[in-house]
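Single-structure report; data block below.
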Amino acid sequence: MRFAARDFVRQYVLLLLAIAAFAITLAAHYIHTAPSDLRASLYNADLFYLPDLITDLAHGGDFRLWHLSNTSYLFPDVAILALTLALTNNIVLGVVIGGLIQIMLIVVGFAWLSARLYGANMAAISVVCAALYFLALRHLNFHFELILFNGFHVGIVIMTPYILLLALSLQEENRRSRTQALALIGLLTMLTTTSDALFIPQTGAPLVAAICLLAIRRSISARRATAIAAFIGATAIAGLALKRIILPTDQILLRVSPQDALWTIVAQLPDLLAPWPWLGIVWAAFIILSTAYLVRWAVFPTHSNDRHALVLATIVLGLPFTIAAMAFEGVTLERYMLNLLYLPTFLGWPLLIGAWLAPSAAGQRNVAGLATSIALVAGLTTAPQLGAAATLFNYAWHYPPLVACLDRHAATYGLRRGITQYWQARLINLFSRQGLRAAQTKPDLVADHWMNSLAEYEQEFNFVVVDMPPHTSAFSLLPNLVLERFGAPAASFRCGNSEVYVYNRPDHIAFRAHTQINFIEQRIRPGLPLTIPGAFLQGKLGHPEGEHRISRPGERGYLSIGSPFRLPKGMYRLDIMYQASGEDNLGALDVVALPDSGNEIELGEGLPILTTPGRRIRVFFHLKEANNFDIQLYVNGKGSVRLDHIQLTQLDLPDKP
């Protein structure tokens, strides 16, 4: 019994001490870097679109109305963030805790994989390496991008150790265990690929290649290796199809030729490592030594371990596979190469050390004990810095000055929904404590549907946030353009470098018309009628009166023309409601499409304007592609015509001429 207890202490106490040291160093690193990262992220609409998306869905929003980024980060990032936001009910705390969970999942996965290969002592070494790594990051002012969703898909890093764990089971003799492991690998591959196709060259394809190497070495039968490769490939393709069919995104990456991309990637590697030369040395040493180990494994099979080779080959082959995939796609973004640095640091070195160490338990225990002692001392010396956690905790209730200012004036001016530039809209939607919402627009005041929901454009608006010179950028809404387009506001007030114009009176027709007509493409839904008052339509004559647009007897010309609507392709029904008095035939209506070529396409031509009370003109038309269309209502002056409203409905019918 005494001997068993001693073995237990030797096997697990070192691991627990290593985890304790890691927790301390990780917390210190996090507290040191998170406040500055948080501030940068809070004001970065690109980074915080995930919390905005999840918050909207939690309040009943429609996922189908959202535009997603090119990499949608669905798994496991969104799942984790949704959980933390639900538990904390606080945007900043949810993001902070979500980032922490992701880091812990990585470390647990790597430690678990190490323990599976070498036992508890090597798991202790793995955790120690992570602890020392974070300690070094803090002292070298290196901000680890896993913390705050900084545009870097960590799902690949999180999933890799767990997929490798399952891959080890593919070598077992038990057929049931192999089948279950392969099924789980396929599931994780499919889910992770829905987030980022980069998972295929960084983990999926290298794993398949490593398994093929085992088949060449006859460690796995060729038949089994073929089946495994085919299944992993099929699940990766299924993930890509799921993303493309159910979650379509715009591809905006600038692409170059494969040759140019390859040279750019090779040239970027030194620049990527230049700020932290030590990281480059560690990374290059891992690649060289791992390759040497794999060569020894291939030449001298009795001196190497197939399980070690499977894991190391998967990590090492991620480098050439990723570079080849990026060159083939013509993409040269540096962030696509970050995984190639993180994986060797977290997973590679501990496993490589274990692969080279003598297999004796005593040797592993001595190394683990020494490494754990060093890490524990480092962690204890770092512990006093945990007192700075109050700063991070207080930052969780950050109240952006612009949003605080809008909230203070909300009741006075009846503010509800506004339009503003891209970088400010997210702040208002996430942090307003008065429920204010903002729709992002481009500088020319048209809708900017990018990583936001179409629902933002559905309601009426009553304020505009503009940037005052000299505090402007390429995204800014400028005051001169807003005043020229909408006229004088009912009121205005200053919020820091911004000015807020309030358009809340019924006679602010120009503002209300703009936000309905220019956002119509974003607001149209199949089967749901969209109503626009007649006063919102432009014309050459007549005048707005309330919600209507009216021509008097003797006025001859276009009561409506020059209000082109942008519509997606499909079948439509247009209902035009009007009142008329005078002679029986007071004019005609044309409905035309205005393609980019400039040649008008008649959708409805010469429809008469009659004097029967409560008239409605109904037109059906089909757009074969997204297009502008205009309502041209000509009156001949032989009576009075009041244009009440138009009602536009996209019919939920198959496209046909």
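Chain labels run A, B, ... following the order of the structure tokens; each chain numbers its residues from 1, and ligands are numbered from 1 in the order shown.
For Thr472 (chain A), the list of residues within 10 Å, based on only C-alpha atoms and with local chain neighbours fewer than 6 positions off taken out, reads Val466, Leu478, Asn497 and Ser498 of chain A.
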Excluding Leu567 (chain A) and any residue of its chain fewer than 4 positions from it, enumerate the residues within 9 Å of it, using only C-alpha atoms, and give them as number ranges by chain. A: 520-522, 524, 623, 625-629
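Among the candidate residues A:Ala285, A:Met571, A:Leu376, A:Ala425, the one lying nearest to Asp46 (chain A) is A:Ala425, with distances computed using only C-alpha atoms.
Our summary of the geometry notes that CA of Leu340 (chain A) is positioned 11.6 Å from CA of Thr314 (chain A).
Among the candidate residues A:Thr84, A:Gln632, A:Ser169, A:Asn462, the one lying nearest to Gln538 (chain A) is A:Gln632, with distances computed using only C-alpha atoms.
The space separating CA of Thr193 (chain A) from CA of Gly233 (chain A) comes to 11.0 Å.
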Considering only C-alpha atoms, state which residue in the set A:Leu191, A:Leu17, A:Leu559, A:Leu445 is at the smallest distance from Val635 (chain A). A:Leu559
Long-range neighbours of Leu343 (chain A) as a PyMOL selection string, 12 Å cut-off, only C-alpha atoms, 3 positions minimum in chain: chain A and resi 106-107+109-110+130+154+156-161+202-203+282-283+286-287+311-312+314-319+337-340+346-351
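If you count only C-alpha atoms and ignore residues fewer than 3 places along the chain from Arg224 (chain A), what sits within 12 Å of it is Leu170, Gln171, Glu172, Glu173, Arg175, Arg178, Thr179, Leu182, Val208, Ile211, Cys212, Leu214, Ala215, Ile216, Arg218, Ser219, Ile220, Ser221, Ala227, Ile228, Ala229, Ala230 and Phe231 of chain A.
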Output as a short mmCIF file (atom, residue, chain, number, x, y, z; two decimals) with N, CA and C atoms, in the first residue's frame all residues of region 408-562 of chain A that backbone DSSP marks as helix (DSSP H, G or I).
```
data_model
loop_
_atom_site.label_atom_id
_atom_site.label_comp_id
_atom_site.auth_asym_id
_atom_site.auth_seq_id
_atom_site.Cartn_x
_atom_site.Cartn_y
_atom_site.Cartn_z
N ARG A 408 -27.69 59.69 -22.33
CA ARG A 408 -28.10 60.83 -21.51
C ARG A 408 -29.15 61.68 -22.21
N HIS A 409 -29.07 61.76 -23.53
CA HIS A 409 -29.99 62.61 -24.28
C HIS A 409 -31.17 61.84 -24.86
N ALA A 410 -31.22 60.53 -24.63
CA ALA A 410 -32.25 59.71 -25.27
C ALA A 410 -33.65 60.15 -24.88
N ALA A 411 -33.90 60.33 -23.60
CA ALA A 411 -35.24 60.71 -23.15
C ALA A 411 -35.61 62.11 -23.61
N THR A 412 -34.66 63.04 -23.58
CA THR A 412 -34.94 64.43 -23.95
C THR A 412 -35.42 64.55 -25.38
N TYR A 413 -34.78 63.81 -26.30
CA TYR A 413 -35.10 63.95 -27.71
C TYR A 413 -35.86 62.75 -28.28
N TYR A 422 -19.70 52.77 -39.65
CA TYR A 422 -19.49 51.37 -39.30
C TYR A 422 -18.88 51.17 -37.91
N TRP A 423 -17.86 51.97 -37.57
CA TRP A 423 -17.11 51.72 -36.33
C TRP A 423 -17.88 52.17 -35.10
N GLN A 424 -18.92 52.98 -35.26
CA GLN A 424 -19.68 53.45 -34.10
C GLN A 424 -20.97 52.66 -33.87
N ALA A 425 -21.53 52.10 -34.94
CA ALA A 425 -22.82 51.42 -34.81
C ALA A 425 -22.74 50.25 -33.83
N ARG A 426 -21.66 49.47 -33.91
CA ARG A 426 -21.54 48.31 -33.03
C ARG A 426 -21.48 48.73 -31.56
N LEU A 427 -20.75 49.81 -31.27
CA LEU A 427 -20.67 50.29 -29.89
C LEU A 427 -22.05 50.62 -29.34
N ILE A 428 -22.85 51.33 -30.14
CA ILE A 428 -24.19 51.72 -29.68
C ILE A 428 -25.05 50.49 -29.45
N ASN A 429 -25.02 49.55 -30.37
CA ASN A 429 -25.87 48.37 -30.26
C ASN A 429 -25.50 47.48 -29.08
N LEU A 430 -24.21 47.42 -28.76
CA LEU A 430 -23.76 46.53 -27.68
C LEU A 430 -23.85 47.17 -26.30
N PHE A 431 -23.61 48.49 -26.21
CA PHE A 431 -23.39 49.07 -24.89
C PHE A 431 -24.42 50.12 -24.47
N LEU A 454 -29.74 42.50 -41.16
CA LEU A 454 -30.64 43.31 -41.97
C LEU A 454 -31.75 43.92 -41.14
N ALA A 455 -32.03 43.32 -39.99
CA ALA A 455 -33.09 43.84 -39.13
C ALA A 455 -32.79 45.26 -38.67
N GLU A 456 -31.51 45.65 -38.69
CA GLU A 456 -31.16 47.01 -38.28
C GLU A 456 -31.78 48.07 -39.19
N TYR A 457 -32.15 47.69 -40.41
CA TYR A 457 -32.65 48.67 -41.37
C TYR A 457 -34.18 48.68 -41.48
N PRO A 479 -20.92 66.12 -41.73
CA PRO A 479 -22.06 67.00 -41.43
C PRO A 479 -22.61 67.74 -42.64
N ASN A 480 -21.75 68.22 -43.54
CA ASN A 480 -22.23 68.98 -44.69
C ASN A 480 -23.14 68.14 -45.57
N LEU A 481 -22.75 66.88 -45.81
CA LEU A 481 -23.56 66.00 -46.65
C LEU A 481 -24.91 65.71 -46.00
N VAL A 482 -24.91 65.45 -44.68
CA VAL A 482 -26.15 65.15 -43.98
C VAL A 482 -27.10 66.35 -44.02
N LEU A 483 -26.59 67.54 -43.75
CA LEU A 483 -27.43 68.73 -43.76
C LEU A 483 -27.95 69.04 -45.16
N GLU A 484 -27.11 68.84 -46.16
CA GLU A 484 -27.54 69.07 -47.54
C GLU A 484 -28.62 68.09 -47.95
N ARG A 485 -28.48 66.83 -47.54
CA ARG A 485 -29.42 65.80 -47.95
C ARG A 485 -30.74 65.86 -47.18
N PHE A 486 -30.67 66.15 -45.88
CA PHE A 486 -31.86 66.03 -45.03
C PHE A 486 -32.39 67.36 -44.51
N ILE A 509 -39.39 64.95 -43.98
CA ILE A 509 -39.71 63.99 -45.04
C ILE A 509 -38.44 63.48 -45.71
N ALA A 510 -37.49 64.37 -45.99
CA ALA A 510 -36.29 63.95 -46.71
C ALA A 510 -35.52 62.89 -45.94
N PHE A 511 -35.41 63.05 -44.62
CA PHE A 511 -34.69 62.07 -43.82
C PHE A 511 -35.43 60.74 -43.78
N ARG A 512 -36.73 60.80 -43.54
CA ARG A 512 -37.52 59.57 -43.45
C ARG A 512 -37.56 58.86 -44.79
N ALA A 513 -37.67 59.64 -45.88
CA ALA A 513 -37.70 59.04 -47.21
C ALA A 513 -36.38 58.34 -47.52
N HIS A 514 -35.28 59.00 -47.18
CA HIS A 514 -33.97 58.42 -47.49
C HIS A 514 -33.79 57.08 -46.78
N THR A 515 -34.10 57.02 -45.51
CA THR A 515 -33.85 55.81 -44.75
C THR A 515 -34.81 54.69 -45.11
N GLN A 516 -35.91 55.00 -45.77
CA GLN A 516 -36.79 53.93 -46.24
C GLN A 516 -36.45 53.50 -47.66
N ILE A 517 -36.26 54.48 -48.55
CA ILE A 517 -36.03 54.14 -49.95
C ILE A 517 -34.63 53.56 -50.17
N ILE A 520 -34.27 49.95 -48.88
CA ILE A 520 -35.33 49.02 -49.26
C ILE A 520 -34.77 47.64 -49.61
N GLU A 521 -33.57 47.61 -50.21
CA GLU A 521 -32.97 46.32 -50.55
C GLU A 521 -32.70 45.49 -49.30
N GLN A 522 -32.35 46.17 -48.20
CA GLN A 522 -32.10 45.47 -46.95
C GLN A 522 -33.39 45.08 -46.24
N ARG A 523 -34.48 45.79 -46.52
CA ARG A 523 -35.73 45.58 -45.77
C ARG A 523 -36.67 44.59 -46.44
N GLY A 534 -46.35 57.90 -50.16
CA GLY A 534 -46.15 58.63 -51.40
C GLY A 534 -45.27 59.85 -51.23
N ALA A 535 -45.32 60.47 -50.05
CA ALA A 535 -44.51 61.67 -49.81
C ALA A 535 -43.02 61.38 -49.89
N PHE A 536 -42.63 60.11 -49.75
CA PHE A 536 -41.22 59.76 -49.76
C PHE A 536 -40.66 59.64 -51.18
#
```
Using only C-alpha atoms, which residues sit within 8 Å of Gln579 (chain A) once same-chain residues fewer than 3 positions away are excluded, as a count of residues only? 9
I need the residue nearest Arg433 (chain A) from this list: A:Ala124, A:Asn90, A:Ile323, A:Glu547. Use only C-alpha atoms for the distance. A:Asn90
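The residue that comes closest to Ile31 (chain A), out of A:Ser69, A:Ser432, A:Ser373, A:Asn394 and on the basis of only C-alpha atoms, is A:Asn394.
Compared by their closest atoms to Ile24 (chain A), and using only C-alpha atoms, the residues A:Tyr118, A:Phe134, A:Tyr399, A:Phe565 rank with A:Phe134 nearest.
Taking CA of Ser476 (chain A) and CA of His508 (chain A) as the two end points, the separation is 22.4 Å.
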Would you list the contacts of Ala490 (chain A) as an MDAnalysis selection string, taking every protein, DNA or RNA residue within 8 Å and counting only C-alpha atoms, but skipping same-chain residues closer than 3 positions in sequence? chainID A and resid 501:505
Based on the selection just made, write N, CA and C atoms of those residues as a tab-separated table (two decimals), in the first residue's frame.
```tsv
chain	number	residue	atom	x	y	z
A	501	TYR	N	-27.41	64.76	-34.91
A	501	TYR	CA	-28.51	65.51	-35.48
A	501	TYR	C	-29.80	64.72	-35.25
A	502	VAL	N	-30.79	65.41	-34.70
A	502	VAL	CA	-32.07	64.77	-34.36
A	502	VAL	C	-33.10	65.14	-35.43
A	503	TYR	N	-33.66	64.13	-36.09
A	503	TYR	CA	-34.71	64.31	-37.09
A	503	TYR	C	-35.96	63.57	-36.61
A	504	ASN	N	-36.70	64.20	-35.73
A	504	ASN	CA	-37.83	63.52	-35.09
A	504	ASN	C	-39.17	64.19	-35.35
A	505	ARG	N	-39.22	65.14	-36.29
A	505	ARG	CA	-40.49	65.81	-36.58
A	505	ARG	C	-41.17	65.15	-37.78
```
Hey, what's within 8 Å of region 591-608 of chain A if we count only C-alpha atoms and toss same-chain stuff fewer than 2 positions away? As JSON, numbers by chain, please? {"A": [564, 585, 586, 587, 588, 589, 610, 617, 619, 621, 622, 627, 628, 629, 630, 631, 632]}
